[in-house]
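Visitor: See coords.txt below, with compact mmCIF, C-alpha atoms and all ligand atoms.
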```
# COMPACT_ATOMS: atom_id res chain seq x y z
CA MET A 813 -101.25 61.66 -59.47
CA THR A 814 -104.78 63.03 -59.60
CA VAL A 815 -105.11 66.57 -60.85
CA ILE A 816 -106.97 69.22 -58.88
CA TYR A 817 -107.82 71.84 -61.45
CA VAL A 818 -108.62 75.30 -60.09
CA ASP A 819 -107.48 77.30 -63.12
CA ASN A 820 -110.83 77.59 -64.87
CA ASN A 821 -110.39 81.24 -65.85
CA ALA A 822 -107.51 80.04 -68.05
CA THR A 823 -109.65 77.37 -69.65
CA THR A 824 -112.23 74.76 -68.68
CA LYS A 825 -112.76 71.06 -69.23
CA VAL A 826 -115.01 70.23 -72.18
CA ALA A 827 -118.24 68.92 -70.65
CA PRO A 828 -118.82 65.24 -71.59
CA GLU A 829 -122.26 66.14 -73.01
CA VAL A 830 -120.57 68.77 -75.21
CA LEU A 831 -118.05 66.29 -76.57
CA GLU A 832 -120.81 63.80 -77.28
CA ALA A 833 -122.84 66.41 -79.15
CA MET A 834 -119.81 67.39 -81.26
CA LEU A 835 -118.60 63.93 -82.31
CA PRO A 836 -121.00 63.32 -85.23
CA TYR A 837 -119.81 66.60 -86.82
CA PHE A 838 -116.28 65.19 -87.04
CA SER A 839 -117.51 62.05 -88.78
CA ASP A 840 -120.86 61.41 -90.46
CA GLN A 841 -122.19 64.96 -90.42
CA TYR A 842 -119.48 66.55 -92.54
CA GLY A 843 -121.71 68.50 -94.93
CA ASN A 844 -121.08 72.17 -95.60
CA PRO A 845 -123.89 74.15 -93.99
CA SER A 846 -123.98 76.47 -97.03
CA SER A 847 -124.71 73.61 -99.48
CA MET A 848 -128.06 73.36 -101.25
CA HIS A 849 -128.48 69.63 -100.55
CA SER A 850 -130.15 68.39 -97.41
CA PHE A 851 -126.94 66.66 -96.25
CA GLY A 852 -125.49 70.14 -95.73
CA GLY A 853 -128.85 71.52 -94.72
CA ASN A 854 -128.96 69.19 -91.70
CA VAL A 855 -125.76 70.76 -90.46
CA ALA A 856 -127.17 74.25 -91.05
CA GLY A 857 -130.15 73.24 -88.90
CA ALA A 858 -127.86 72.15 -86.07
CA ILE A 859 -125.95 75.46 -86.28
CA LYS A 860 -129.25 77.32 -86.10
CA ALA A 861 -130.11 75.50 -82.86
CA ALA A 862 -126.65 76.24 -81.43
CA ARG A 863 -127.05 79.94 -82.26
CA GLU A 864 -130.40 79.98 -80.45
CA ASN A 865 -128.81 78.45 -77.33
CA VAL A 866 -125.99 81.00 -77.27
CA ALA A 867 -128.49 83.83 -77.79
CA ASN A 868 -130.68 82.51 -74.93
CA LEU A 869 -127.74 82.42 -72.55
CA ILE A 870 -127.32 86.21 -72.82
CA GLY A 871 -130.88 87.28 -73.62
CA ALA A 872 -130.16 88.08 -77.28
CA THR A 873 -131.95 87.06 -80.48
CA PRO A 874 -130.22 84.48 -82.72
CA GLY A 875 -129.65 87.02 -85.51
CA GLU A 876 -127.53 89.10 -83.13
CA ILE A 877 -124.96 86.30 -82.62
CA VAL A 878 -121.89 85.98 -84.86
CA PHE A 879 -119.64 82.97 -84.30
CA THR A 880 -115.89 83.73 -84.17
CA SER A 881 -112.78 81.71 -83.38
CA CYS A 882 -112.25 82.99 -79.80
CA GLY A 883 -112.73 85.83 -77.35
CA THR A 884 -109.74 87.68 -78.76
CA GLU A 885 -111.25 87.69 -82.24
CA SER A 886 -114.59 88.88 -80.85
CA ASP A 887 -112.88 91.74 -79.00
CA GLY A 888 -110.77 92.75 -82.00
CA THR A 889 -113.72 92.55 -84.39
CA ALA A 890 -115.87 94.73 -82.13
CA ILE A 891 -113.29 97.49 -81.67
CA ARG A 892 -112.21 97.54 -85.34
CA ALA A 893 -115.86 97.63 -86.46
CA ALA A 894 -116.52 100.53 -84.08
CA ILE A 895 -113.67 102.68 -85.34
CA GLU A 896 -114.40 101.84 -88.96
CA SER A 897 -118.04 102.77 -88.48
CA TYR A 898 -117.14 106.17 -87.04
CA PRO A 899 -114.03 107.15 -89.04
CA ASP A 900 -114.11 110.79 -87.92
CA LYS A 901 -113.89 109.91 -84.23
CA LYS A 902 -110.36 109.38 -82.92
CA HIS A 903 -110.81 108.74 -79.20
CA ILE A 904 -111.24 105.27 -77.69
CA VAL A 905 -111.76 104.38 -74.03
CA THR A 906 -111.08 101.30 -71.93
CA SER A 907 -109.79 100.47 -68.43
CA ARG A 908 -106.35 99.79 -67.02
CA VAL A 909 -107.24 96.22 -66.04
CA GLU A 910 -108.42 94.73 -69.33
CA HIS A 911 -107.27 91.42 -70.76
CA PRO A 912 -104.42 91.75 -73.32
CA ALA A 913 -106.99 91.12 -76.08
CA ILE A 914 -108.22 94.68 -75.49
CA LYS A 915 -105.20 96.25 -73.75
CA ASN A 916 -102.70 95.40 -76.48
CA LEU A 917 -105.15 96.29 -79.26
CA TYR A 918 -105.69 99.73 -77.71
CA GLU A 919 -101.93 100.20 -77.33
CA SER A 920 -101.45 99.32 -80.99
CA LEU A 921 -104.24 101.72 -82.05
CA SER A 922 -102.63 104.41 -79.92
CA LYS A 923 -99.48 104.05 -82.06
CA LYS A 924 -101.67 104.51 -85.13
CA GLY A 925 -102.91 107.91 -83.97
CA TYR A 926 -105.92 107.10 -81.78
CA ARG A 927 -106.18 109.01 -78.52
CA THR A 928 -106.66 106.29 -75.90
CA THR A 929 -107.95 106.65 -72.36
CA PHE A 930 -107.21 103.88 -69.87
CA VAL A 931 -109.59 104.50 -66.96
CA PRO A 932 -107.95 103.77 -63.57
CA VAL A 933 -109.29 101.54 -60.80
CA ASP A 934 -109.02 101.87 -57.02
CA GLY A 935 -107.27 99.51 -54.60
CA MET A 936 -110.21 97.11 -54.77
CA GLY A 937 -110.22 97.03 -58.57
CA ARG A 938 -113.33 99.22 -58.86
CA LEU A 939 -113.59 101.53 -61.83
CA ASP A 940 -113.20 105.29 -61.35
CA MET A 941 -116.61 106.21 -62.78
CA ASP A 942 -116.09 109.99 -62.63
CA PHE A 943 -112.84 109.65 -64.54
CA LEU A 944 -114.64 107.51 -67.13
CA TYR A 945 -117.54 109.92 -67.65
CA ASP A 946 -115.28 113.01 -67.65
CA SER A 947 -113.15 111.44 -70.40
CA LEU A 948 -116.05 111.05 -72.86
CA SER A 949 -116.49 113.56 -75.67
CA GLU A 950 -118.02 113.93 -79.12
CA ASP A 951 -114.77 112.51 -80.48
CA THR A 952 -115.19 109.18 -78.58
CA ALA A 953 -115.81 106.30 -81.00
CA VAL A 954 -116.18 103.45 -78.52
CA VAL A 955 -115.95 102.53 -74.84
CA SER A 956 -114.91 98.96 -74.09
CA LEU A 957 -114.99 97.63 -70.52
CA MET A 958 -114.76 94.08 -69.26
CA TRP A 959 -117.70 92.58 -67.37
CA GLY A 960 -115.67 90.42 -64.99
CA ASN A 961 -111.94 90.59 -64.46
CA ASN A 962 -110.03 87.43 -65.35
CA GLU A 963 -107.50 87.83 -62.52
CA THR A 964 -109.49 89.13 -59.57
CA GLY A 965 -113.04 88.34 -60.68
CA VAL A 966 -114.09 91.94 -59.91
CA VAL A 967 -117.31 92.78 -61.76
CA PHE A 968 -117.84 96.25 -63.22
CA PRO A 969 -121.37 97.78 -63.08
CA ILE A 970 -121.91 97.25 -66.80
CA GLU A 971 -125.64 98.04 -66.84
CA GLU A 972 -125.11 101.45 -65.24
CA ILE A 973 -122.08 102.33 -67.38
CA SER A 974 -123.73 101.18 -70.57
CA ARG A 975 -126.79 103.36 -69.91
CA GLU A 976 -124.64 106.45 -69.32
CA VAL A 977 -122.31 105.86 -72.28
CA LYS A 978 -125.23 105.17 -74.62
CA SER A 979 -127.07 108.28 -73.45
CA ARG A 980 -124.15 110.25 -74.86
CA GLY A 981 -124.51 108.53 -78.24
CA ILE A 982 -121.31 106.51 -77.87
CA LEU A 983 -120.92 102.86 -78.85
CA PHE A 984 -120.42 100.48 -75.92
CA HIS A 985 -118.66 97.11 -76.05
CA THR A 986 -118.12 94.71 -73.17
CA ASP A 987 -115.62 91.87 -72.94
CA ALA A 988 -117.79 89.39 -71.08
CA VAL A 989 -115.50 86.42 -71.72
CA GLN A 990 -115.18 85.63 -68.00
CA ALA A 991 -118.72 86.54 -67.04
CA VAL A 992 -120.83 84.59 -69.55
CA GLY A 993 -122.08 81.33 -68.07
CA LYS A 994 -121.07 82.34 -64.52
CA ILE A 995 -123.54 85.13 -63.80
CA PRO A 996 -126.93 85.91 -65.34
CA ILE A 997 -126.58 88.26 -68.30
CA ASN A 998 -129.38 89.86 -70.25
CA VAL A 999 -128.19 92.15 -73.01
CA GLY A 1000 -131.73 93.49 -73.30
CA ASP A 1001 -131.46 94.98 -69.79
CA THR A 1002 -127.98 96.37 -70.30
CA GLY A 1003 -128.28 98.12 -73.64
CA VAL A 1004 -124.71 97.11 -74.61
CA ASP A 1005 -124.08 97.36 -78.35
CA MET A 1006 -121.55 94.53 -78.57
CA LEU A 1007 -120.48 91.75 -76.22
CA SER A 1008 -117.65 89.21 -76.55
CA LEU A 1009 -117.75 85.67 -75.23
CA SER A 1010 -115.56 82.59 -75.56
CA GLY A 1011 -116.59 78.93 -75.47
CA HIS A 1012 -113.58 77.47 -73.68
CA LYS A 1013 -114.38 79.47 -70.55
CA PHE A 1014 -117.67 77.63 -70.06
CA HIS A 1015 -116.96 73.99 -70.99
CA ALA A 1016 -117.03 74.23 -74.79
CA PRO A 1017 -113.79 73.54 -76.70
CA LYS A 1018 -111.08 76.06 -77.48
CA GLY A 1019 -111.27 77.81 -80.84
CA ILE A 1020 -114.87 78.99 -80.74
CA GLY A 1021 -116.28 82.29 -79.54
CA ALA A 1022 -119.09 84.65 -80.38
CA LEU A 1023 -119.76 88.32 -80.74
CA TYR A 1024 -123.16 89.73 -79.88
CA ILE A 1025 -124.02 92.69 -82.12
CA ARG A 1026 -127.20 94.52 -81.16
CA LYS A 1027 -129.65 94.73 -84.06
CA GLY A 1028 -129.20 98.05 -85.84
CA THR A 1029 -125.58 98.59 -84.68
CA LYS A 1030 -123.29 99.84 -87.42
CA PHE A 1031 -120.86 97.03 -88.24
CA SER A 1032 -118.15 96.11 -90.70
CA PRO A 1033 -116.65 92.62 -90.77
CA PHE A 1034 -113.05 91.84 -89.82
CA MET A 1035 -113.01 88.60 -91.84
CA ILE A 1036 -114.26 89.54 -95.28
CA GLY A 1037 -115.19 86.60 -97.48
CA GLY A 1038 -118.29 84.50 -98.11
CA HIS A 1039 -121.79 85.19 -96.94
CA GLN A 1040 -121.47 83.10 -93.76
CA GLU A 1041 -122.78 84.60 -90.50
CA SER A 1042 -124.99 86.87 -92.64
CA GLY A 1043 -121.92 88.45 -94.18
CA ARG A 1044 -120.49 89.47 -90.82
CA ARG A 1045 -117.70 86.87 -90.72
CA GLY A 1046 -116.57 85.05 -93.83
CA GLY A 1047 -115.17 81.52 -93.76
CA THR A 1048 -116.71 78.05 -93.67
CA GLU A 1049 -118.16 77.48 -90.23
CA ASN A 1050 -116.23 75.55 -87.56
CA THR A 1051 -119.22 73.25 -87.39
CA ALA A 1052 -118.31 70.85 -84.59
CA ALA A 1053 -117.11 73.67 -82.33
CA ILE A 1054 -120.30 75.65 -82.99
CA ILE A 1055 -122.36 72.61 -82.00
CA GLY A 1056 -120.14 72.38 -78.90
CA ILE A 1057 -120.61 75.99 -77.82
CA GLY A 1058 -124.35 75.63 -78.42
CA LYS A 1059 -124.52 72.59 -76.14
CA ALA A 1060 -122.31 74.28 -73.52
CA ALA A 1061 -124.50 77.39 -73.60
CA GLY A 1062 -127.61 75.24 -73.05
CA LEU A 1063 -125.96 73.52 -70.09
CA ALA A 1064 -124.77 76.85 -68.64
CA SER A 1065 -128.32 78.27 -68.86
CA GLU A 1066 -129.67 75.19 -67.06
CA HIS A 1067 -127.04 75.35 -64.32
CA LEU A 1068 -127.53 79.09 -63.82
CA LYS A 1069 -131.26 78.56 -63.48
CA LYS A 1070 -130.82 75.62 -61.11
CA ASP A 1071 -128.46 77.03 -58.51
CA GLY A 1072 -126.91 80.15 -59.99
CA TYR A 1073 -123.33 78.95 -59.37
CA GLY A 1074 -124.25 78.71 -55.68
CA ASN A 1075 -122.21 75.59 -54.97
CA VAL A 1076 -119.17 76.94 -56.82
CA SER A 1077 -119.19 80.17 -54.83
CA ARG A 1078 -119.66 78.22 -51.59
CA LEU A 1079 -116.53 76.17 -52.34
CA ARG A 1080 -114.62 79.32 -53.41
CA ASP A 1081 -115.57 81.02 -50.13
CA LYS A 1082 -114.61 77.98 -48.09
CA LEU A 1083 -111.18 77.90 -49.74
CA GLU A 1084 -110.67 81.63 -49.31
CA HIS A 1085 -111.73 81.77 -45.65
CA ALA A 1086 -109.62 78.76 -44.70
CA LEU A 1087 -106.47 80.09 -46.40
CA LEU A 1088 -106.85 83.55 -44.86
CA GLU A 1089 -107.30 81.93 -41.47
CA LYS A 1090 -104.39 79.51 -41.72
CA VAL A 1091 -101.81 81.69 -43.47
CA PRO A 1092 -100.58 84.91 -41.84
CA ASN A 1093 -100.03 87.95 -44.11
CA ALA A 1094 -102.50 86.73 -46.71
CA MET A 1095 -105.18 88.96 -48.26
CA VAL A 1096 -107.72 88.91 -51.05
CA ASN A 1097 -107.08 91.13 -54.07
CA GLY A 1098 -110.21 92.94 -55.24
CA ASP A 1099 -113.72 93.86 -54.20
CA THR A 1100 -115.21 90.76 -52.57
CA ASN A 1101 -118.73 92.25 -52.76
CA ASN A 1102 -118.79 92.42 -56.56
CA ARG A 1103 -117.01 89.37 -57.86
CA LEU A 1104 -117.48 86.45 -60.21
CA PRO A 1105 -118.66 83.52 -58.07
CA ASN A 1106 -115.78 81.22 -59.04
CA THR A 1107 -112.70 83.43 -58.60
CA THR A 1108 -110.41 84.44 -55.76
CA SER A 1109 -107.02 86.10 -56.05
CA ILE A 1110 -105.06 85.76 -52.82
CA ALA A 1111 -101.80 87.55 -52.07
CA PHE A 1112 -99.34 85.64 -49.92
CA GLU A 1113 -96.89 88.34 -48.96
CA TYR A 1114 -93.12 87.93 -49.29
CA VAL A 1115 -93.13 84.77 -51.43
CA GLU A 1116 -92.88 84.26 -55.19
CA GLY A 1117 -96.11 83.20 -56.87
CA GLU A 1118 -94.16 81.09 -59.34
CA ALA A 1119 -92.53 79.13 -56.50
CA ILE A 1120 -95.95 78.51 -54.94
CA LEU A 1121 -97.31 77.30 -58.29
CA LEU A 1122 -94.39 74.90 -58.80
CA MET A 1123 -94.79 73.40 -55.34
CA MET A 1124 -98.57 73.09 -55.71
CA ASN A 1125 -97.94 71.47 -59.08
CA GLU A 1126 -95.99 68.70 -57.32
CA HIS A 1127 -99.26 67.89 -55.52
CA GLY A 1128 -101.25 67.98 -58.75
CA ILE A 1129 -102.86 71.35 -57.92
CA CYS A 1130 -103.22 73.61 -60.97
CA ALA A 1131 -103.74 77.31 -60.31
CA SER A 1132 -102.33 80.48 -61.80
CA SER A 1133 -100.23 83.43 -60.71
CA GLY A 1134 -101.78 85.90 -63.14
CA SER A 1135 -103.75 85.78 -66.37
CA ALA A 1136 -102.91 82.77 -68.52
CA CYS A 1137 -101.36 85.02 -71.11
CA THR A 1138 -99.05 86.90 -68.77
CA SER A 1139 -97.82 84.05 -66.60
CA GLY A 1140 -94.40 82.99 -67.80
CA SER A 1141 -93.11 86.52 -67.31
CA LEU A 1142 -91.90 87.58 -63.87
CA GLU A 1143 -93.44 91.04 -64.15
CA PRO A 1144 -96.24 91.43 -61.61
CA SER A 1145 -99.58 91.50 -63.38
CA HIS A 1146 -100.74 94.82 -64.85
CA VAL A 1147 -104.08 94.32 -63.11
CA LEU A 1148 -102.57 94.13 -59.63
CA ARG A 1149 -100.22 97.03 -60.46
CA ALA A 1150 -103.16 99.16 -61.61
CA MET A 1151 -104.83 98.42 -58.25
CA GLY A 1152 -101.70 99.58 -56.43
CA VAL A 1153 -101.16 96.19 -54.77
CA PRO A 1154 -97.72 96.44 -53.10
CA PHE A 1155 -94.90 94.70 -54.96
CA THR A 1156 -94.35 92.18 -52.13
CA ALA A 1157 -98.01 91.11 -52.32
CA ALA A 1158 -98.47 91.26 -56.10
CA HIS A 1159 -95.52 88.89 -56.57
CA GLY A 1160 -97.05 86.31 -54.24
CA SER A 1161 -100.58 86.44 -55.66
CA ILE A 1162 -102.31 83.26 -56.72
CA ARG A 1163 -105.55 83.04 -58.65
CA PHE A 1164 -107.87 80.14 -57.88
CA SER A 1165 -110.75 79.82 -60.32
CA LEU A 1166 -113.26 77.03 -59.78
CA SER A 1167 -115.87 75.35 -61.94
CA ARG A 1168 -118.91 73.16 -61.35
CA TYR A 1169 -116.62 70.12 -61.61
CA ASN A 1170 -114.66 70.96 -58.43
CA THR A 1171 -115.53 68.93 -55.35
CA GLU A 1172 -115.46 69.58 -51.63
CA ASP A 1173 -112.69 66.96 -51.26
CA GLU A 1174 -110.50 68.83 -53.73
CA ILE A 1175 -110.94 72.07 -51.83
CA ASP A 1176 -110.05 70.29 -48.58
CA VAL A 1177 -106.84 68.96 -50.15
CA ILE A 1178 -105.80 72.49 -51.19
CA ILE A 1179 -106.59 73.80 -47.70
CA GLU A 1180 -104.36 71.11 -46.21
CA THR A 1181 -101.55 71.36 -48.75
CA LEU A 1182 -101.01 75.06 -49.34
CA PRO A 1183 -100.32 76.54 -45.86
CA PRO A 1184 -97.22 74.35 -45.24
CA ILE A 1185 -95.95 75.26 -48.72
CA ILE A 1186 -96.16 78.98 -47.92
CA GLU A 1187 -94.51 78.39 -44.56
CA ARG A 1188 -91.63 76.52 -46.18
CA LEU A 1189 -91.11 79.19 -48.84
CA ARG A 1190 -91.16 81.95 -46.25
CA GLU A 1191 -88.45 80.20 -44.25
CA LEU A 1192 -86.30 80.60 -47.38
CA SER A 1193 -87.37 84.18 -48.09
CA PRO A 1194 -85.01 87.00 -47.04
CA PHE A 1195 -87.93 89.46 -47.53
CA TRP A 1196 -90.09 87.57 -45.06
CA LYS A 1197 -87.27 87.43 -42.50
CA LYS A 1198 -86.64 91.16 -42.91
CA ALA A 1199 -90.34 91.98 -42.61
CA MET A 1200 -90.65 89.89 -39.45
CA GLU A 1201 -87.57 91.49 -37.88
CA GLY A 1202 -88.65 95.00 -38.78
N1 LIG B 1301 -111.01 88.48 -72.43
C1 LIG B 1301 -110.88 87.98 -71.19
C2 LIG B 1301 -111.43 88.74 -70.03
C3 LIG B 1301 -110.24 86.76 -71.01
O1 LIG B 1301 -110.09 86.27 -69.78
C4 LIG B 1301 -109.73 86.07 -72.15
C5 LIG B 1301 -108.99 84.80 -71.96
O2 LIG B 1301 -108.45 84.51 -70.92
C6 LIG B 1301 -109.92 86.63 -73.40
C7 LIG B 1301 -110.56 87.85 -73.52
C8 LIG B 1301 -109.42 85.95 -74.63
O3 LIG B 1301 -110.24 84.86 -74.93
P1 LIG B 1301 -109.71 83.70 -75.92
O4 LIG B 1301 -108.72 82.90 -75.14
O5 LIG B 1301 -110.91 82.90 -76.27
O6 LIG B 1301 -109.12 84.38 -77.09
```
Let me see whether you can do it: turn the structure in this file into structure tokens.
Guide:
Amino acid sequence: MTVIYVDNNATTKVAPEVLEAMLPYFSDQYGNPSSMHSFGGNVAGAIKAARENVANLIGATPGEIVFTSCGTESDGTAIRAAIESYPDKKHIVTSRVEHPAIKNLYESLSKKGYRTTFVPVDGMGRLDMDFLYDSLSEDTAVVSLMWGNNETGVVFPIEEISREVKSRGILFHTDAVQAVGKIPINVGDTGVDMLSLSGHKFHAPKGIGALYIRKGTKFSPFMIGGHQESGRRGGTENTAAIIGIGKAAGLASEHLKKDGYGNVSRLRDKLEHALLEKVPNAMVNGDTNNRLPNTTSIAFEYVEGEAILLMMNEHGICASSGSACTSGSLEPSHVLRAMGVPFTAAHGSIRFSLSRYNTEDEIDVIIETLPPIIERLRELSPFWKKAMEG
């Protein structure tokens, strides 16, 4: 059975060009980039080029990029560095819809005595800006807000928030793991102090991420060890993966310049419109005016998301019922709960996240396959029957 993969916010396919660029670093090019000899020096040169590509993708300078193992490490490093740099400040701020990489870290810091503010969102997933600004004080060490939401795709106005937070002398971090490579980002324009990204969300392999640290930002490393990454993250470099993320960043810059994700958003919109038209009691979760171009979260009322996923799976269609890390539990997602999505809709919500590898034919297959699945599940659903009677 052919696979139709529309779960790209969970992870993406490694681009063939990326794999090709990486292969020599698993075989012939095995030198240690820290070595004095030129065999290692060649590898250091390739890492330098990769760092430049990643920096270019977000408008940074190469010296502001630190390679990490993933988005989670980048997030954790940023927040821990912030609170270590300002040890007298005991207040930290984030939103109620963050990825567990931030949410669970904040909850753990809250148990260690930090006062934490989780800023609410409205029914469309938009941040309550007044609540955010009112919460800030001289005691606030860091504000961390995601750029694009992994479940709904809703984009926060990071430039505006960053300007305001910075004007109050507070450190600002953004988890841009879902945004990088999908929308144009220029850290120069935004003024953010730190930004997290992750390779496997834009066609590099898993196990490689990066943290942007604005020049001059106070920082202390999470991984203390050798002098790698200019002393900001010890440990011998994951060379092949760094070459991979460099190549993927170069490709992402090219694609963004060429059509700015235009074809991906066209296919996403086609899928969304067709499903809303063909399936009664279906609605989009989140603000459709400010969204990542590849994501749609659609609530099919009165059915179980897990049942929909299983039946789509039989047709080779891979989607998700929540974030990759929370699916597997039957709790409705914390993001949809924070938005106040009714229980009957949150439970039947499916996230479709596309990439540049999706084709029109694949979208047509989903449009044909999914409506009868929902119809069949609703015939079995006592909630649907009750809702239709009442
Ligand atoms: N932040 C967001 C918004 C994400 O979507 C993810 C992964 O889904 C992460 C952080 C964690 O990234 P990684 O899987 O590279 O640790």
Visitor: Please list as a count of residues only every residue within 10 Å of Ser1133 in chain A, counting only C-alpha atoms and excluding residues in the same chain fewer than 4 positions away.
Guide: 24
Visitor: At most 8 Å from (-119.5, 82.5, -64.7), file frame, only C-alpha atoms: which residues, as number ranges by chain?
Guide: A: 990-995, 1014, 1073, 1104-1106
Visitor: Using only C-alpha atoms, can you tell me which of A:Arg1045, A:His985, A:Arg908, A:His903 comes closest to Ile877 in chain A?
Guide: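 Smallest distance to Ile877 in chain A is found for A:Arg1045.
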Visitor: Determine, using all atoms listed in the file, which residues of chain A have any atom at most 7 Å from an atom of ligand LIG 1301 (chain B), and tabulate each with its shortest atom pair and distance in Å to one decimal place, rows ordered by chain and then rising number, as CSV.
Guide:
```
residue,atom,partner,partner_atom,distance
A:Asn821,CA,B:LIG1301,O2,6.3
A:Ala822,CA,B:LIG1301,O2,5.4
A:Cys882,CA,B:LIG1301,O5,3.8
A:Gly883,CA,B:LIG1301,O3,3.6
A:Thr884,CA,B:LIG1301,O6,3.8
A:Glu885,CA,B:LIG1301,O6,6.5
A:Glu910,CA,B:LIG1301,C2,6.7
A:His911,CA,B:LIG1301,C2,5.0
A:Ala913,CA,B:LIG1301,C7,5.5
A:Met958,CA,B:LIG1301,C2,6.3
A:Gly960,CA,B:LIG1301,C2,6.8
A:Asn961,CA,B:LIG1301,C2,5.9
A:Asn962,CA,B:LIG1301,O1,4.6
A:Asp987,CA,B:LIG1301,N1,5.7
A:Ala988,CA,B:LIG1301,C2,6.5
A:Val989,CA,B:LIG1301,C1,4.9
A:Gln990,CA,B:LIG1301,C2,5.3
A:Ser1010,CA,B:LIG1301,O5,4.7
A:Gly1011,CA,B:LIG1301,O5,7.0
A:His1012,CA,B:LIG1301,O5,6.6
A:Lys1018,CA,B:LIG1301,O5,6.9
A:Gly1019,CA,B:LIG1301,O5,6.9
A:Gly1021,CA,B:LIG1301,O5,6.3
A:Ser1135,CA,B:LIG1301,O2,6.7
A:Ala1136,CA,B:LIG1301,O2,6.3
```
Visitor: Quick one: residues within 9 Å of Lys1059 in chain A, all atoms listed in the file counted, chain neighbours fewer than 2 positions away excluded, as a CSV table (one decimal) with C-alpha atoms, in the coordinates of the input?
Guide:
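Now in part_20.csv:
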```csv
chain,number,residue,atom,x,y,z
A,829,GLU,CA,-122.3,66.1,-73.0
A,830,VAL,CA,-120.6,68.8,-75.2
A,833,ALA,CA,-122.8,66.4,-79.2
A,834,MET,CA,-119.8,67.4,-81.3
A,862,ALA,CA,-126.6,76.2,-81.4
A,865,ASN,CA,-128.8,78.4,-77.3
A,866,VAL,CA,-126.0,81.0,-77.3
A,1016,ALA,CA,-117.0,74.2,-74.8
A,1054,ILE,CA,-120.3,75.6,-83.0
A,1055,ILE,CA,-122.4,72.6,-82.0
A,1056,GLY,CA,-120.1,72.4,-78.9
A,1057,ILE,CA,-120.6,76.0,-77.8
A,1061,ALA,CA,-124.5,77.4,-73.6
A,1062,GLY,CA,-127.6,75.2,-73.0
A,1063,LEU,CA,-126.0,73.5,-70.1
A,1064,ALA,CA,-124.8,76.8,-68.6
```
Visitor: Just want the 7 Å neighbourhood of Tyr817 in chain A, counted on all atoms listed in the file, with same-chain residues fewer than 4 positions away dropped. Output as a list in words.
Guide: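 In the requested format, the answer is Ile1129, Cys1130 and Ala1131 of chain A.
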Visitor: Have a look at A:Leu1079, A:Leu1166, A:Val905, A:Val1115 and name the one nearest to Ala1094 in chain A; count all atoms listed in the file.
Guide: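 Checking each of A:Leu1079, A:Leu1166, A:Val905, A:Val1115 against Ala1094 in chain A, counting all atoms listed in the file, the winner is A:Val1115.
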